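Below is one structure, written out as structure tokens; the observations come after it.
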Amino acid sequence: MLSVTLYDGTPLPVIGLGTWAMGGRSYPDPSQDARALKAIRAALEIGYTHIDTAEMYASGHTEELVGQAIQGFDRSKLFLTTKVRPPNLSYQRTHASIDGSLQRLGVDTIDLFLIHWRDGTPLAETFRALNEAVRAGKIRYLGVSNFDVDEMKESQDLSETPIVTNQVPYSITTRRYVTNGVIPYCQANNIVVTAYSPVEEGRLGVQKMLAEVAATHDATPYQIAMAWLVQQPWVITIPMSHNPVHLQQNWDAANITLTPDEMAQLEAAG
Ligand SMILES: NC(=O)c1ccc[n+]([C@@H]2O[C@H](COP(=O)([O-])OP(=O)(O)OC[C@H]3O[C@@H](n4cnc5c(N)ncnc54)[C@H](OP(=O)(O)O)[C@@H]3O)[C@@H](O)[C@H]2O)c1
């Protein structure tokens, strides 16, 4: 699997698993548990190692399902990302949020911990807690999500360890983090762009050109949309799927090699 390399040499695969809407959306929906567990385990069997979740997803229940699904898999080979939600960005609540995620995931260390998005809390207060948690070994790497360039620079100043990612919406049809300068800033500063909603939550429009490139590669248009993302420097993506066929297709998207001409055509199609 193609990967990007973090500052300490750790490889991060360009395809990870998203978990929004697994086991419920904003609130737990136990009727969805078996489906979610099956999907996460199917992804792990395929070879996915990076799982992206958040305390916000199903109010913590998605983290519990991830914790259950990884039982029996080698923890040292997995890379778990989770996020603190804005109401919890105060110093004390950030610490409580980290401890809550550790408990629900059933692990000693969170690989990557993100601020899900900003609220009015001074970033210095949140990073005081985050830096302490890194020093305590509860978190390996820090990152942010939905941050603009100024917020990223402030985070880089406040963090005692490098900010390894900004997780932002990015797809063939969603380019606002290119135009606001975030993606170029990440690429110029060796920061991973984690592209979320890479297939627009399953509603990606398929224009003629995307369909033609897909036919050339004997792939689906959604695979091409993801191949276009991860062939860009410093870009990884985290598609969510409950469907084992889609999980495999999304994984295989990293093996599709688009020509420079195809990359340019897709770039222009946005
Ligand atoms: N940081 C943030 O603020 C933020 C915001 C949004 C999302 N995220 C993260 O990013 C992850 C991905 O984003 P997302 O879940 O919003 O959207 P997404 O991955 O673009 O789309 C997921 C939807 O697309 C369908 N799908 C996936 N692969 C497919 C394929 N190969 N062919 C056809 N349909 C396919 C899935 O349906 P099936 O189950 O039928 O395959 C699912 O309904 C989330 O799960 C979450 O972890 C983060």
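Following the order of the structure tokens, chains are lettered A, B, ..., residues in each are numbered from 1, and ligands are numbered from 1.
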Any idea what's packed within 12 Å of Pro260 in chain A, counting only C-alpha atoms, ignoring anything in its chain fewer than 6 positions away? Could you give it as a PDB file with N, CA, C and O atoms, in the first residue's frame?
```pdb
ATOM      1  N   TRP A 228      -7.147   9.853  -7.808  1.00  0.00           N
ATOM      2  CA  TRP A 228      -6.734  11.241  -8.101  1.00  0.00           C
ATOM      3  C   TRP A 228      -6.280  11.952  -6.815  1.00  0.00           C
ATOM      4  O   TRP A 228      -5.285  12.671  -6.814  1.00  0.00           O
ATOM      5  N   GLN A 231      -2.832  10.281  -5.369  1.00  0.00           N
ATOM      6  CA  GLN A 231      -1.633  10.430  -6.206  1.00  0.00           C
ATOM      7  C   GLN A 231      -1.016  11.823  -6.037  1.00  0.00           C
ATOM      8  O   GLN A 231       0.050  12.101  -6.555  1.00  0.00           O
ATOM      9  N   GLN A 232      -1.712  12.686  -5.313  1.00  0.00           N
ATOM     10  CA  GLN A 232      -1.162  14.020  -5.038  1.00  0.00           C
ATOM     11  C   GLN A 232      -0.243  13.945  -3.822  1.00  0.00           C
ATOM     12  O   GLN A 232      -0.511  13.178  -2.890  1.00  0.00           O
ATOM     13  N   LEU A 266      -8.489  15.618 -14.620  1.00  0.00           N
ATOM     14  CA  LEU A 266      -9.336  15.523 -13.427  1.00  0.00           C
ATOM     15  C   LEU A 266      -9.210  16.786 -12.580  1.00  0.00           C
ATOM     16  O   LEU A 266     -10.187  17.283 -12.019  1.00  0.00           O
ATOM     17  N   GLU A 267      -8.000  17.304 -12.522  1.00  0.00           N
ATOM     18  CA  GLU A 267      -7.746  18.568 -11.816  1.00  0.00           C
ATOM     19  C   GLU A 267      -8.637  19.675 -12.407  1.00  0.00           C
ATOM     20  O   GLU A 267      -9.287  20.436 -11.678  1.00  0.00           O
TER      21      GLU A 267
END
```
Could you make a table, as a Markdown table, of the residues of chain A that have an atom within 7 Å of an atom of ligand 1, each with its nearest atom pair and distance in Å to one decimal, counting only C-alpha atoms and all ligand atoms, in chain and number order?
```
| residue | atom | partner | partner_atom_place_in_ligand_line | distance |
| --- | --- | --- | --- | --- |
| A:Leu17 | CA | ligand 1 | 47 (O) | 6.9 |
| A:Gly18 | CA | ligand 1 | 47 (O) | 3.3 |
| A:Thr19 | CA | ligand 1 | 45 (O) | 4.0 |
| A:Trp20 | CA | ligand 1 | 45 (O) | 3.7 |
| A:Ala21 | CA | ligand 1 | 45 (O) | 6.8 |
| A:Asp52 | CA | ligand 1 | 47 (O) | 4.9 |
| A:Thr53 | CA | ligand 1 | 47 (O) | 5.2 |
| A:His116 | CA | ligand 1 | 1 (N) | 5.6 |
| A:Trp117 | CA | ligand 1 | 3 (O) | 6.8 |
| A:Ser145 | CA | ligand 1 | 1 (N) | 5.3 |
| A:Asn146 | CA | ligand 1 | 3 (O) | 6.2 |
| A:Gln167 | CA | ligand 1 | 1 (N) | 5.5 |
| A:Val168 | CA | ligand 1 | 1 (N) | 6.1 |
| A:Pro169 | CA | ligand 1 | 5 (C) | 6.9 |
| A:Tyr196 | CA | ligand 1 | 10 (O) | 4.0 |
| A:Ser197 | CA | ligand 1 | 20 (O) | 3.1 |
| A:Pro198 | CA | ligand 1 | 20 (O) | 4.1 |
| A:Val199 | CA | ligand 1 | 20 (O) | 3.6 |
| A:Glu200 | CA | ligand 1 | 20 (O) | 4.1 |
| A:Glu201 | CA | ligand 1 | 21 (O) | 3.1 |
| A:Gly202 | CA | ligand 1 | 24 (O) | 3.2 |
| A:Arg203 | CA | ligand 1 | 24 (O) | 7.0 |
| A:Tyr222 | CA | ligand 1 | 31 (N) | 5.4 |
| A:Gln223 | CA | ligand 1 | 31 (N) | 6.1 |
| A:Ile238 | CA | ligand 1 | 11 (C) | 5.2 |
| A:Pro239 | CA | ligand 1 | 19 (O) | 3.4 |
| A:Met240 | CA | ligand 1 | 19 (O) | 4.1 |
| A:Ser241 | CA | ligand 1 | 39 (O) | 3.6 |
| A:His242 | CA | ligand 1 | 39 (O) | 3.7 |
| A:Asn243 | CA | ligand 1 | 41 (O) | 4.6 |
| A:His246 | CA | ligand 1 | 31 (N) | 4.1 |
| A:Leu247 | CA | ligand 1 | 28 (N) | 6.5 |
| A:Gln249 | CA | ligand 1 | 31 (N) | 5.5 |
| A:Asn250 | CA | ligand 1 | 31 (N) | 5.3 |
```
Which polymer residues have any atom within 7 Å of an atom of range 34-51 of chain A, counting only C-alpha atoms, with same-chain residues fewer than 3 positions away left out, as a ChimeraX atom specification? /A:16-18,22-23,65,69,77-81,242-244,247-248
As a PyMOL selection string, please: every residue in range 72-233 of chain A that a backbone DSSP assignment puts in alpha helix (DSSP H). chain A and resi 91-105+123-135+149-158+176-179+182-188+208-216+221-230
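Considering only C-alpha atoms, the residue among A:Leu89, A:Ala195, A:Val149, A:Leu142 positioned nearest to Ile163 in chain A is A:Leu142.
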Taking the chain letters and numbering used in this document, name the residues of range 45-119 of chain A that DSSP puts in strand (DSSP E or B), as a ChimeraX atom specification. /A:50-52,79-84,110-115
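Interatomic distance, CA of Trp251 in chain A against CA of Val230 in chain A: 11.2 Å.
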So that I can check the surroundings of range 185-187 of chain A, please list as a PyMOL selection string every protein, DNA and RNA residue that reaches within 10 Å of it, counting only C-alpha atoms and ignoring chain neighbours fewer than 5 positions away. chain A and resi 148-149+152-153+164-166+177-178+180+192-193+232-235
Shortest interatomic distance to Arg85 in chain A - which of A:Leu204, A:Leu210, A:Ile115, A:Ala219, counting only C-alpha atoms: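 Closest candidate: A:Ile115.
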Nearest-residue call for Asp218 in chain A, choices A:Ile98, A:Ile236, A:Ile256, A:Val182, using only C-alpha atoms: A:Ile256
Nearby residues (only C-alpha atoms) at most 7 Å from range 55-57 of chain A, same-chain spacing under 5 positions excluded, as an NGL selection string: :A and (20-21 or 25-26 or 62-63 or 82-85 or 101)
Please produce a file of the residues just selected, as an mmCIF file, in the first residue's frame, where the atoms kept are C-alpha atoms.
```cif
data_model
loop_
_atom_site.group_PDB
_atom_site.id
_atom_site.type_symbol
_atom_site.label_atom_id
_atom_site.label_comp_id
_atom_site.auth_asym_id
_atom_site.auth_seq_id
_atom_site.Cartn_x
_atom_site.Cartn_y
_atom_site.Cartn_z
ATOM 1 C CA TRP A 20 -18.932 8.415 10.503
ATOM 2 C CA ALA A 21 -22.437 6.897 10.606
ATOM 3 C CA ARG A 25 -24.975 9.169 13.440
ATOM 4 C CA SER A 26 -25.086 11.750 16.248
ATOM 5 C CA THR A 62 -18.519 4.442 17.239
ATOM 6 C CA GLU A 63 -15.264 4.464 19.219
ATOM 7 C CA THR A 82 -9.833 10.112 16.973
ATOM 8 C CA LYS A 83 -10.947 13.677 17.686
ATOM 9 C CA VAL A 84 -12.044 15.961 20.501
ATOM 10 C CA ARG A 85 -15.256 17.842 19.778
ATOM 11 C CA SER A 101 -11.560 7.967 23.953
#
```
Tell me, as an MDAnalysis selection string, which residues lie within 9 Å of Gly24 in chain A, counting only C-alpha atoms; anything in the same chain fewer than 6 positions away does not count. chainID A and resid 30:33 57:59 61:62
Using only C-alpha atoms, which residues sit within 7 Å of Ile139 in chain A once same-chain residues fewer than 5 positions away are excluded, as a list in words?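 So, after excluding close chain neighbours, the residues are Thr109, Ile110, Asp111, Leu112, Phe113, Ala133 and Val134 of chain A.
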Quote the spacing between CA of Asn88 in chain A and CA of Ala124 in chain A in Å to one decimal place.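 Going from CA of Asn88 in chain A over to CA of Ala124 in chain A covers 13.9 Å.
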What's the separation between CA of Ile191 in chain A and CA of Arg135 in chain A, in Å to one decimal place?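 These two atoms are separated by 21.1 Å.
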